[in-house]
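Undergrad: To be precise about what I am sending: the file is called target_6.pdb and holds PDB, C-alpha atoms, pLDDT in the B column.
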ATOM      1  CA  MET A 187      66.157  15.595 128.580  1.00 61.00           C
ATOM      2  CA  THR A 188      67.605  14.955 132.028  1.00 84.00           C
ATOM      3  CA  SER A 189      70.494  17.271 132.847  1.00 94.00           C
ATOM      4  CA  LEU A 190      73.924  15.770 133.393  1.00 97.00           C
ATOM      5  CA  LEU A 191      74.953  18.581 135.753  1.00 98.00           C
ATOM      6  CA  GLU A 192      72.564  20.799 137.716  1.00 98.00           C
ATOM      7  CA  VAL A 193      73.947  23.709 139.739  1.00 98.00           C
ATOM      8  CA  GLU A 194      71.609  25.725 141.936  1.00 98.00           C
ATOM      9  CA  ASN A 195      72.279  28.781 144.092  1.00 98.00           C
ATOM     10  CA  LEU A 196      76.029  28.138 144.261  1.00 98.00           C
ATOM     11  CA  HIS A 197      78.039  30.488 146.460  1.00 98.00           C
ATOM     12  CA  ALA A 198      81.819  30.235 146.823  1.00 98.00           C
ATOM     13  CA  TYR A 199      84.343  31.867 149.098  1.00 97.00           C
ATOM     14  CA  TYR A 200      88.084  32.400 149.456  1.00 93.00           C
ATOM     15  CA  GLY A 201      88.509  33.113 153.147  1.00 91.00           C
ATOM     16  CA  LEU A 202      86.232  36.069 153.900  1.00 91.00           C
ATOM     17  CA  SER A 203      85.902  37.002 150.207  1.00 95.00           C
ATOM     18  CA  HIS A 204      82.527  36.080 148.704  1.00 97.00           C
ATOM     19  CA  ILE A 205      83.309  35.220 145.042  1.00 97.00           C
ATOM     20  CA  LEU A 206      80.252  33.433 143.581  1.00 98.00           C
ATOM     21  CA  HIS A 207      76.783  34.810 144.304  1.00 98.00           C
ATOM     22  CA  GLY A 208      73.972  32.338 143.672  1.00 97.00           C
ATOM     23  CA  VAL A 209      75.103  30.746 140.397  1.00 98.00           C
ATOM     24  CA  THR A 210      72.466  28.514 138.777  1.00 98.00           C
ATOM     25  CA  PHE A 211      72.715  26.613 135.473  1.00 98.00           C
ATOM     26  CA  ALA A 212      72.568  23.120 133.978  1.00 98.00           C
ATOM     27  CA  ILE A 213      74.448  21.123 131.335  1.00 98.00           C
ATOM     28  CA  ALA A 214      72.922  18.358 129.238  1.00 96.00           C
ATOM     29  CA  PRO A 215      74.797  15.165 128.341  1.00 95.00           C
ATOM     30  CA  GLY A 216      77.201  15.866 125.481  1.00 94.00           C
ATOM     31  CA  GLU A 217      76.626  19.627 125.602  1.00 96.00           C
ATOM     32  CA  ILE A 218      79.498  22.106 125.399  1.00 95.00           C
ATOM     33  CA  VAL A 219      78.954  25.278 127.399  1.00 97.00           C
ATOM     34  CA  SER A 220      81.464  28.145 127.454  1.00 97.00           C
ATOM     35  CA  VAL A 221      81.836  30.517 130.391  1.00 98.00           C
ATOM     36  CA  VAL A 222      83.063  33.951 129.327  1.00 97.00           C
ATOM     37  CA  GLY A 223      83.630  37.213 131.137  1.00 95.00           C
ATOM     38  CA  ARG A 224      86.286  39.624 132.265  1.00 94.00           C
ATOM     39  CA  ASN A 225      89.131  38.603 134.559  1.00 92.00           C
ATOM     40  CA  GLY A 226      87.887  38.463 138.131  1.00 92.00           C
ATOM     41  CA  ALA A 227      84.318  37.585 137.150  1.00 95.00           C
ATOM     42  CA  GLY A 228      84.500  34.272 139.037  1.00 96.00           C
ATOM     43  CA  ARG A 229      84.888  31.853 136.127  1.00 97.00           C
ATOM     44  CA  SER A 230      87.859  29.860 137.443  1.00 96.00           C
ATOM     45  CA  THR A 231      86.363  29.859 140.936  1.00 97.00           C
ATOM     46  CA  LEU A 232      83.232  28.288 139.472  1.00 98.00           C
ATOM     47  CA  LEU A 233      85.198  25.311 138.162  1.00 98.00           C
ATOM     48  CA  LYS A 234      87.078  24.916 141.447  1.00 97.00           C
ATOM     49  CA  ALA A 235      83.853  25.075 143.436  1.00 98.00           C
ATOM     50  CA  LEU A 236      82.342  22.338 141.271  1.00 98.00           C
ATOM     51  CA  MET A 237      85.426  20.172 141.918  1.00 97.00           C
ATOM     52  CA  GLY A 238      85.362  20.701 145.672  1.00 97.00           C
ATOM     53  CA  MET A 239      88.501  22.840 145.566  1.00 96.00           C
ATOM     54  CA  ALA A 240      86.888  26.017 146.926  1.00 96.00           C
ATOM     55  CA  LYS A 241      84.623  26.502 149.920  1.00 96.00           C
ATOM     56  CA  ALA A 242      81.070  26.543 148.578  1.00 97.00           C
ATOM     57  CA  THR A 243      77.411  26.289 149.514  1.00 97.00           C
ATOM     58  CA  GLY A 244      74.455  25.392 147.326  1.00 98.00           C
ATOM     59  CA  SER A 245      73.479  22.344 145.311  1.00 98.00           C
ATOM     60  CA  VAL A 246      75.579  20.537 142.689  1.00 98.00           C
ATOM     61  CA  ARG A 247      73.901  17.455 141.235  1.00 98.00           C
ATOM     62  CA  PHE A 248      75.712  15.200 138.760  1.00 98.00           C
ATOM     63  CA  LYS A 249      73.822  12.330 137.129  1.00 96.00           C
ATOM     64  CA  GLU A 250      70.978  13.141 139.544  1.00 95.00           C
ATOM     65  CA  GLN A 251      73.232  12.627 142.572  1.00 97.00           C
ATOM     66  CA  GLU A 252      74.239  15.397 144.978  1.00 98.00           C
ATOM     67  CA  ILE A 253      78.022  15.806 144.931  1.00 98.00           C
ATOM     68  CA  SER A 254      78.463  19.082 146.800  1.00 96.00           C
ATOM     69  CA  GLY A 255      80.540  18.502 149.906  1.00 94.00           C
ATOM     70  CA  LEU A 256      82.445  15.561 148.424  1.00 96.00           C
ATOM     71  CA  LYS A 257      86.230  15.531 148.235  1.00 96.00           C
ATOM     72  CA  THR A 258      87.857  16.311 144.893  1.00 96.00           C
ATOM     73  CA  PHE A 259      88.951  12.720 144.230  1.00 94.00           C
ATOM     74  CA  GLU A 260      85.426  11.493 144.963  1.00 96.00           C
ATOM     75  CA  ILE A 261      83.963  13.976 142.491  1.00 97.00           C
ATOM     76  CA  ALA A 262      86.481  12.823 139.873  1.00 94.00           C
ATOM     77  CA  ARG A 263      85.431   9.195 140.421  1.00 93.00           C
ATOM     78  CA  HIS A 264      81.853  10.139 139.587  1.00 95.00           C
ATOM     79  CA  GLY A 265      83.022  11.011 136.057  1.00 95.00           C
ATOM     80  CA  ILE A 266      84.108  14.662 136.122  1.00 97.00           C
ATOM     81  CA  ALA A 267      87.575  15.642 134.873  1.00 96.00           C
ATOM     82  CA  TYR A 268      89.221  18.975 135.641  1.00 96.00           C
ATOM     83  CA  VAL A 269      91.940  20.584 133.507  1.00 95.00           C
ATOM     84  CA  PRO A 270      93.397  23.587 135.361  1.00 92.00           C
ATOM     85  CA  GLU A 271      94.864  26.641 133.692  1.00 88.00           C
ATOM     86  CA  GLU A 272      98.348  25.904 135.061  1.00 84.00           C
ATOM     87  CA  ARG A 273      98.867  22.726 132.966  1.00 78.00           C
ATOM     88  CA  ALA A 274      99.282  20.302 135.849  1.00 82.00           C
ATOM     89  CA  VAL A 275     101.541  17.580 134.461  1.00 92.00           C
ATOM     90  CA  PHE A 276     103.985  15.401 136.391  1.00 94.00           C
ATOM     91  CA  PRO A 277     107.293  16.886 135.227  1.00 94.00           C
ATOM     92  CA  SER A 278     109.604  13.974 136.064  1.00 96.00           C
ATOM     93  CA  LEU A 279     107.395  11.394 134.315  1.00 96.00           C
ATOM     94  CA  THR A 280     107.314  10.670 130.609  1.00 97.00           C
ATOM     95  CA  VAL A 281     104.433  11.561 128.324  1.00 96.00           C
ATOM     96  CA  GLU A 282     103.300   7.925 128.337  1.00 94.00           C
ATOM     97  CA  GLN A 283     103.467   7.687 132.134  1.00 94.00           C
ATOM     98  CA  ASN A 284     101.448  10.886 132.485  1.00 94.00           C
ATOM     99  CA  LEU A 285      98.790   9.493 130.177  1.00 93.00           C
ATOM    100  CA  LEU A 286      98.623   6.168 132.007  1.00 90.00           C
ATOM    101  CA  LEU A 287      98.076   7.957 135.311  1.00 88.00           C
ATOM    102  CA  GLY A 288      94.728   9.118 133.956  1.00 85.00           C
ATOM    103  CA  LEU A 289      93.422   5.700 133.004  1.00 80.00           C
ATOM    104  CA  LYS A 290      90.136   4.373 134.315  1.00 72.00           C
ATOM    105  CA  SER A 291      90.291   0.795 133.056  1.00 66.00           C
ATOM    106  CA  ALA A 292      93.285  -0.711 131.299  1.00 65.00           C
ATOM    107  CA  ALA A 293      91.600  -2.020 128.145  1.00 64.00           C
ATOM    108  CA  ALA A 294      89.336   0.965 127.488  1.00 64.00           C
ATOM    109  CA  SER A 295      92.032   3.508 128.275  1.00 68.00           C
ATOM    110  CA  ARG A 296      94.563   1.831 125.991  1.00 75.00           C
ATOM    111  CA  ARG A 297      92.044   2.264 123.168  1.00 81.00           C
ATOM    112  CA  THR A 298      91.592   5.883 124.216  1.00 84.00           C
ATOM    113  CA  MET A 299      95.367   6.424 124.218  1.00 85.00           C
ATOM    114  CA  GLU A 300      95.704   4.965 120.742  1.00 88.00           C
ATOM    115  CA  MET A 301      92.953   7.242 119.482  1.00 88.00           C
ATOM    116  CA  LEU A 302      94.549  10.311 121.095  1.00 89.00           C
ATOM    117  CA  LEU A 303      97.980   9.548 119.679  1.00 90.00           C
ATOM    118  CA  ARG A 304      96.490   9.181 116.207  1.00 89.00           C
ATOM    119  CA  ARG A 305      94.748  12.550 116.552  1.00 86.00           C
ATOM    120  CA  PHE A 306      97.782  14.281 118.095  1.00 87.00           C
ATOM    121  CA  PRO A 307     100.901  12.674 116.549  1.00 89.00           C
ATOM    122  CA  GLN A 308     103.185  15.249 118.170  1.00 88.00           C
ATOM    123  CA  LEU A 309     102.574  13.542 121.514  1.00 90.00           C
ATOM    124  CA  ALA A 310     103.083  10.120 119.928  1.00 91.00           C
ATOM    125  CA  LEU A 311     106.562  11.178 118.833  1.00 94.00           C
ATOM    126  CA  ARG A 312     107.420  12.210 122.409  1.00 94.00           C
ATOM    127  CA  LEU A 313     105.993   9.293 124.394  1.00 95.00           C
ATOM    128  CA  GLN A 314     109.275   8.633 126.207  1.00 96.00           C
ATOM    129  CA  THR A 315     110.108  12.311 126.753  1.00 97.00           C
ATOM    130  CA  ARG A 316     109.852  13.758 130.256  1.00 97.00           C
ATOM    131  CA  ALA A 317     106.952  16.175 130.624  1.00 96.00           C
ATOM    132  CA  ASP A 318     109.236  18.989 131.817  1.00 95.00           C
ATOM    133  CA  ALA A 319     111.018  18.884 128.440  1.00 96.00           C
ATOM    134  CA  LEU A 320     107.811  19.663 126.537  1.00 94.00           C
ATOM    135  CA  SER A 321     106.817  23.107 125.355  1.00 92.00           C
ATOM    136  CA  GLY A 322     103.955  24.889 127.126  1.00 90.00           C
ATOM    137  CA  GLY A 323     101.597  23.962 124.326  1.00 90.00           C
ATOM    138  CA  GLU A 324     102.639  20.311 124.413  1.00 92.00           C
ATOM    139  CA  GLN A 325     102.136  20.248 128.180  1.00 93.00           C
ATOM    140  CA  GLN A 326      98.633  21.651 127.692  1.00 92.00           C
ATOM    141  CA  MET A 327      97.796  18.942 125.174  1.00 92.00           C
ATOM    142  CA  LEU A 328      99.197  16.312 127.537  1.00 94.00           C
ATOM    143  CA  SER A 329      97.064  17.642 130.398  1.00 94.00           C
ATOM    144  CA  LEU A 330      93.941  17.584 128.220  1.00 94.00           C
ATOM    145  CA  CYS A 331      94.628  14.106 126.858  1.00 92.00           C
ATOM    146  CA  ARG A 332      95.414  12.667 130.303  1.00 93.00           C
ATOM    147  CA  SER A 333      92.069  13.928 131.599  1.00 93.00           C
ATOM    148  CA  LEU A 334      90.266  12.175 128.760  1.00 91.00           C
ATOM    149  CA  MET A 335      91.979   8.880 129.651  1.00 90.00           C
ATOM    150  CA  GLY A 336      89.595   8.576 132.604  1.00 88.00           C
ATOM    151  CA  GLU A 337      86.618   8.478 130.206  1.00 90.00           C
ATOM    152  CA  PRO A 338      84.768  11.345 131.918  1.00 94.00           C
ATOM    153  CA  ALA A 339      81.183  12.255 131.142  1.00 96.00           C
ATOM    154  CA  LEU A 340      81.993  15.914 131.850  1.00 97.00           C
ATOM    155  CA  MET A 341      85.214  17.908 131.508  1.00 97.00           C
ATOM    156  CA  LEU A 342      85.830  21.230 133.261  1.00 98.00           C
ATOM    157  CA  ILE A 343      88.513  23.044 131.255  1.00 97.00           C
ATOM    158  CA  ASP A 344      90.069  26.322 132.402  1.00 96.00           C
ATOM    159  CA  GLU A 345      91.670  28.663 129.816  1.00 94.00           C
ATOM    160  CA  PRO A 346      93.251  25.922 127.659  1.00 93.00           C
ATOM    161  CA  THR A 347      94.608  28.343 125.011  1.00 92.00           C
ATOM    162  CA  GLU A 348      96.191  30.865 127.394  1.00 89.00           C
ATOM    163  CA  GLY A 349      99.724  31.792 126.277  1.00 87.00           C
ATOM    164  CA  LEU A 350      99.827  29.324 123.382  1.00 88.00           C
ATOM    165  CA  SER A 351     101.087  29.849 119.847  1.00 89.00           C
ATOM    166  CA  PRO A 352      98.491  30.039 117.047  1.00 90.00           C
ATOM    167  CA  GLN A 353      99.456  26.504 115.971  1.00 89.00           C
ATOM    168  CA  MET A 354      98.869  25.099 119.457  1.00 88.00           C
ATOM    169  CA  VAL A 355      95.641  27.089 119.826  1.00 89.00           C
ATOM    170  CA  ARG A 356      94.421  25.278 116.721  1.00 88.00           C
ATOM    171  CA  GLN A 357      95.358  21.908 118.223  1.00 88.00           C
ATOM    172  CA  VAL A 358      93.458  22.729 121.410  1.00 88.00           C
ATOM    173  CA  ALA A 359      90.454  23.716 119.306  1.00 88.00           C
ATOM    174  CA  ASP A 360      90.741  20.383 117.466  1.00 88.00           C
ATOM    175  CA  PHE A 361      90.735  18.609 120.834  1.00 90.00           C
ATOM    176  CA  LEU A 362      87.555  20.429 121.853  1.00 90.00           C
ATOM    177  CA  PHE A 363      85.883  19.505 118.572  1.00 88.00           C
ATOM    178  CA  MET A 364      86.907  15.887 119.190  1.00 89.00           C
ATOM    179  CA  LEU A 365      85.163  15.977 122.561  1.00 90.00           C
ATOM    180  CA  LYS A 366      82.094  17.356 120.823  1.00 87.00           C
ATOM    181  CA  GLU A 367      82.177  14.468 118.325  1.00 87.00           C
ATOM    182  CA  GLN A 368      82.484  11.924 121.134  1.00 89.00           C
ATOM    183  CA  GLY A 369      79.588  13.331 123.139  1.00 90.00           C
ATOM    184  CA  VAL A 370      81.653  14.385 126.158  1.00 95.00           C
ATOM    185  CA  ALA A 371      80.032  17.317 127.951  1.00 97.00           C
ATOM    186  CA  VAL A 372      82.326  20.297 128.555  1.00 97.00           C
ATOM    187  CA  LEU A 373      82.200  23.377 130.749  1.00 98.00           C
ATOM    188  CA  LEU A 374      84.850  25.577 129.148  1.00 97.00           C
ATOM    189  CA  VAL A 375      86.343  28.768 130.565  1.00 97.00           C
ATOM    190  CA  GLU A 376      87.874  30.515 127.569  1.00 93.00           C
ATOM    191  CA  GLN A 377      89.061  34.070 126.962  1.00 89.00           C
ATOM    192  CA  LYS A 378      89.268  33.747 123.177  1.00 90.00           C
ATOM    193  CA  MET A 379      85.716  34.512 122.115  1.00 91.00           C
ATOM    194  CA  LYS A 380      86.141  33.092 118.613  1.00 90.00           C
ATOM    195  CA  ILE A 381      86.869  29.613 119.967  1.00 90.00           C
ATOM    196  CA  ALA A 382      84.279  29.876 122.743  1.00 92.00           C
ATOM    197  CA  LEU A 383      81.506  30.787 120.323  1.00 93.00           C
ATOM    198  CA  GLU A 384      82.641  28.348 117.627  1.00 92.00           C
ATOM    199  CA  ILE A 385      82.664  25.267 119.853  1.00 91.00           C
ATOM    200  CA  SER A 386      79.689  25.864 122.179  1.00 94.00           C
ATOM    201  CA  GLN A 387      75.993  25.122 122.053  1.00 95.00           C
ATOM    202  CA  ARG A 388      75.430  27.646 124.858  1.00 97.00           C
ATOM    203  CA  VAL A 389      77.332  30.492 126.468  1.00 97.00           C
ATOM    204  CA  LEU A 390      77.219  31.722 130.059  1.00 98.00           C
ATOM    205  CA  VAL A 391      78.414  35.285 130.620  1.00 98.00           C
ATOM    206  CA  MET A 392      79.675  35.933 134.141  1.00 97.00           C
ATOM    207  CA  GLY A 393      80.087  39.261 135.874  1.00 96.00           C
ATOM    208  CA  GLN A 394      80.727  40.084 139.514  1.00 95.00           C
ATOM    209  CA  GLY A 395      80.314  36.458 140.539  1.00 97.00           C
ATOM    210  CA  LYS A 396      76.927  35.989 138.862  1.00 97.00           C
ATOM    211  CA  ILE A 397      75.632  34.661 135.560  1.00 98.00           C
ATOM    212  CA  VAL A 398      74.301  37.714 133.757  1.00 97.00           C
ATOM    213  CA  PHE A 399      73.427  36.076 130.421  1.00 97.00           C
ATOM    214  CA  THR A 400      72.620  32.569 129.189  1.00 97.00           C
ATOM    215  CA  GLY A 401      71.997  31.820 125.535  1.00 97.00           C
ATOM    216  CA  THR A 402      73.306  30.446 122.274  1.00 97.00           C
ATOM    217  CA  PRO A 403      76.367  31.949 120.581  1.00 96.00           C
ATOM    218  CA  GLU A 404      74.021  33.527 118.036  1.00 97.00           C
ATOM    219  CA  GLU A 405      71.947  35.140 120.782  1.00 97.00           C
ATOM    220  CA  LEU A 406      75.093  36.577 122.359  1.00 96.00           C
ATOM    221  CA  ARG A 407      76.273  37.969 119.027  1.00 95.00           C
ATOM    222  CA  ASP A 408      72.863  39.611 118.619  1.00 95.00           C
ATOM    223  CA  ASN A 409      73.066  41.251 122.051  1.00 95.00           C
ATOM    224  CA  PRO A 410      75.707  43.991 121.813  1.00 93.00           C
ATOM    225  CA  GLU A 411      74.633  45.503 125.132  1.00 95.00           C
ATOM    226  CA  ILE A 412      75.696  42.378 127.039  1.00 95.00           C
ATOM    227  CA  SER A 413      79.039  42.436 125.249  1.00 92.00           C
ATOM    228  CA  ARG A 414      79.519  46.139 125.952  1.00 94.00           C
ATOM    229  CA  VAL A 415      78.691  45.945 129.639  1.00 93.00           C
ATOM    230  CA  TRP A 416      80.201  42.590 130.611  1.00 95.00           C
ATOM    231  CA  LEU A 417      82.803  41.615 128.019  1.00 93.00           C
ATOM    232  CA  ALA A 418      84.390  44.688 126.429  1.00 86.00           C
ATOM    233  CA  LEU A 419      87.722  45.762 127.904  1.00 69.00           C
TER     234      LEU A 419
END
How does this structure look as structure tokens?

TA:
Amino acid sequence: MTSLLEVENLHAYYGLSHILHGVTFAIAPGEIVSVVGRNGAGRSTLLKALMGMAKATGSVRFKEQEISGLKTFEIARHGIAYVPEERAVFPSLTVEQNLLLGLKSAAASRRTMEMLLRRFPQLALRLQTRADALSGGEQQMLSLCRSLMGEPALMLIDEPTEGLSPQMVRQVADFLFMLKEQGVAVLLVEQKMKIALEISQRVLVMGQGKIVFTGTPEELRDNPEISRVWLAL
């Protein structure tokens, strides 16, 4: 099967700090891949480098086209959505206005909005509410749903359950399962191992800016040494 995303020998930098060291991996269409590791391993930097938001060298091919060196908005137009950890919503706009900002085409995105509001009725009840009046969990769901309005082939999602209540963590997990059902590929940075292993076909373990393990969730569970060295606190 042709890969949707192919990353080869990716290096990334913040100023003089060398953060990513030769990262190489691929994602197939519709595949969900989780990136796990300790804080500071380079996981968030990986997503930013893929979106053109961090200085990087190496090859990033999406749908067999080289996208490294493109601007962030150009990468997004190719069909990649990015959901940052900080829940980037437009605070003075309503829930509905935030969702509409993510649309790709009016007819298709209206259908997508209707589907999302059926799946997440809490947002449907707050369509005319300003985003800054939502709880942190509601803002996270809004950020996730807005990104899906653009009908991406691949979503890069950074720590979507961070700081959320158990109820909202479950809703985020439901959203990820919905993406899986719809065949949207996902590169997920997630600290909660239970969710990461439950939702993913493959797991990448990062340490010191490198990928130190690639395998299925079952293979990671069967490799306690990797968990001890690279994941245990």

Undergrad: Between A:Gly393, A:Gly336, A:Gly226, A:Pro307, which has the minimum distance to A:Leu289 (counting all atoms listed in the file)?

TA: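 Under the stated criterion, the closest residue is A:Gly336.
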
Undergrad: How close does stretch 229-337 of chain A get to stretch 354-367 of chain A? List, as CSV, each residue of stretch 229-337 of chain A within 10 Å, its nearest atom pair and the distance in Å to one decimal, counting all atoms listed in the file.

TA:
residue,atom,partner,partner_atom,distance
A:Leu302,CA,A:Phe361,CA,9.1
A:Arg305,CA,A:Phe361,CA,8.4
A:Phe306,CA,A:Gln357,CA,8.0
A:Gly322,CA,A:Met354,CA,9.2
A:Gly323,CA,A:Met354,CA,5.7
A:Glu324,CA,A:Met354,CA,7.9
A:Gln326,CA,A:Val358,CA,8.2
A:Met327,CA,A:Val358,CA,6.9
A:Leu330,CA,A:Phe361,CA,8.1
A:Cys331,CA,A:Phe361,CA,8.5
A:Leu334,CA,A:Leu365,CA,8.9

Undergrad: Let me know the residues the PyMOL selection byres ((chain A and resi 223) around 8) catches in the file above, as a PyMOL selection string.

TA: chain A and resi 221-222+224-225+227+229+377+391-393+416-417

Undergrad: Within 12 Å of (80.7, 28.7, 144.7) (file coordinates; all atoms listed in the file), which protein or nucleic acid residues are there? I'd like them as JSON, numbers by chain.

TA: {"A": [193, 194, 195, 196, 197, 198, 199, 200, 203, 204, 205, 206, 207, 208, 209, 210, 228, 229, 230, 231, 232, 233, 234, 235, 236, 237, 238, 239, 240, 241, 242, 243, 244, 245, 246, 254, 255, 395, 396]}

Undergrad: Give the centre and edge lengths of an axis-aligned box, in Å to one decimal, that holds all listed atoms of stretch 224-237 of chain A with 5 Å on each side, as AutoDock Vina command-line options.

TA:
--center_x 85.7 --center_y 29.9 --center_z 137.9 --size_x 16.8 --size_y 29.5 --size_z 21.2

Undergrad: Restricting the calculation to all atoms listed in the file, which member of A:Glu260, A:Asp318, A:Glu411, A:Glu404 is positioned closest to A:Val281?

TA: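 Looking at the shortest contact to A:Val281, the residue is A:Asp318.
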
Undergrad: Per residue of stretch 231-295 of chain A within 7 Å of stretch 341-350 of chain A, record the nearest atom pair and its distance in Å to one decimal, counting only C-alpha atoms, with rows in chain order and ascending residue number, as JSON lines.

TA:
{"residue": "A:Leu233", "atom": "CA", "partner": "A:Leu342", "partner_atom": "CA", "distance": 6.4}
{"residue": "A:Ile266", "atom": "CA", "partner": "A:Met341", "partner_atom": "CA", "distance": 5.7}
{"residue": "A:Ala267", "atom": "CA", "partner": "A:Met341", "partner_atom": "CA", "distance": 4.7}
{"residue": "A:Tyr268", "atom": "CA", "partner": "A:Leu342", "partner_atom": "CA", "distance": 4.7}
{"residue": "A:Val269", "atom": "CA", "partner": "A:Ile343", "partner_atom": "CA", "distance": 4.8}
{"residue": "A:Pro270", "atom": "CA", "partner": "A:Asp344", "partner_atom": "CA", "distance": 5.2}
{"residue": "A:Glu271", "atom": "CA", "partner": "A:Asp344", "partner_atom": "CA", "distance": 5.0}

Undergrad: When you draw a straight line from atom CA of A:Ile412 to atom CA of A:Thr400, how long is it in Å?

TA: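 If I compute the distance from atom CA of A:Ile412 to atom CA of A:Thr400, I get 10.5 Å.
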
Undergrad: Do you have the atom CA of A:Met379-atom CA of A:Ile213 distance handy?

TA: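 Between these atoms lies a distance of 19.8 Å.
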
Undergrad: For the file shown, what are the residues hit by the PyMOL selection byres ((chain A and resi 340) around 6), laid out as a list in words?

TA: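 Selection result, ordered by chain and number: Ile266, Pro338, Ala339, Met341, Val370, Ala371 and Val372 of chain A.
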
Undergrad: Atom CA of A:Phe248 and atom CA of A:Glu192 are how many Å apart?

TA: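 Interatomic distance here is 6.5 Å.
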
Undergrad: Selection in question (the file shown): the PyMOL selection byres ((chain A and resi 314) around 8). Which residues does it include, as a VMD selection string?

TA: chain A and resid 280 to 282 312 to 313 315 to 316

Undergrad: Can you pull out the residues contacting A:Ser220? Cut-off 8 Å, using all atoms listed in the file, and skip same-chain residues under 5 positions away; I want them as number ranges by chain.

TA: A: 372-376, 382-383, 386, 388-390

Undergrad: A:Gly288, A:Leu303, A:Pro215, A:Leu328: which is nearest A:Ala262, counting all atoms listed in the file?

TA: A:Gly288

Undergrad: Just checking: using only C-alpha atoms, which residue out of A:Arg407, A:Lys290, A:Lys257, A:Lys378 ends up closest to A:Glu337?

TA: A:Lys290

Undergrad: Find, counting only C-alpha atoms, the residue in A:Leu191, A:Leu286, A:Phe211, A:Gly201 that gets nearest to A:Phe399.

TA: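 Closest to A:Phe399 of all the choices is A:Phe211.
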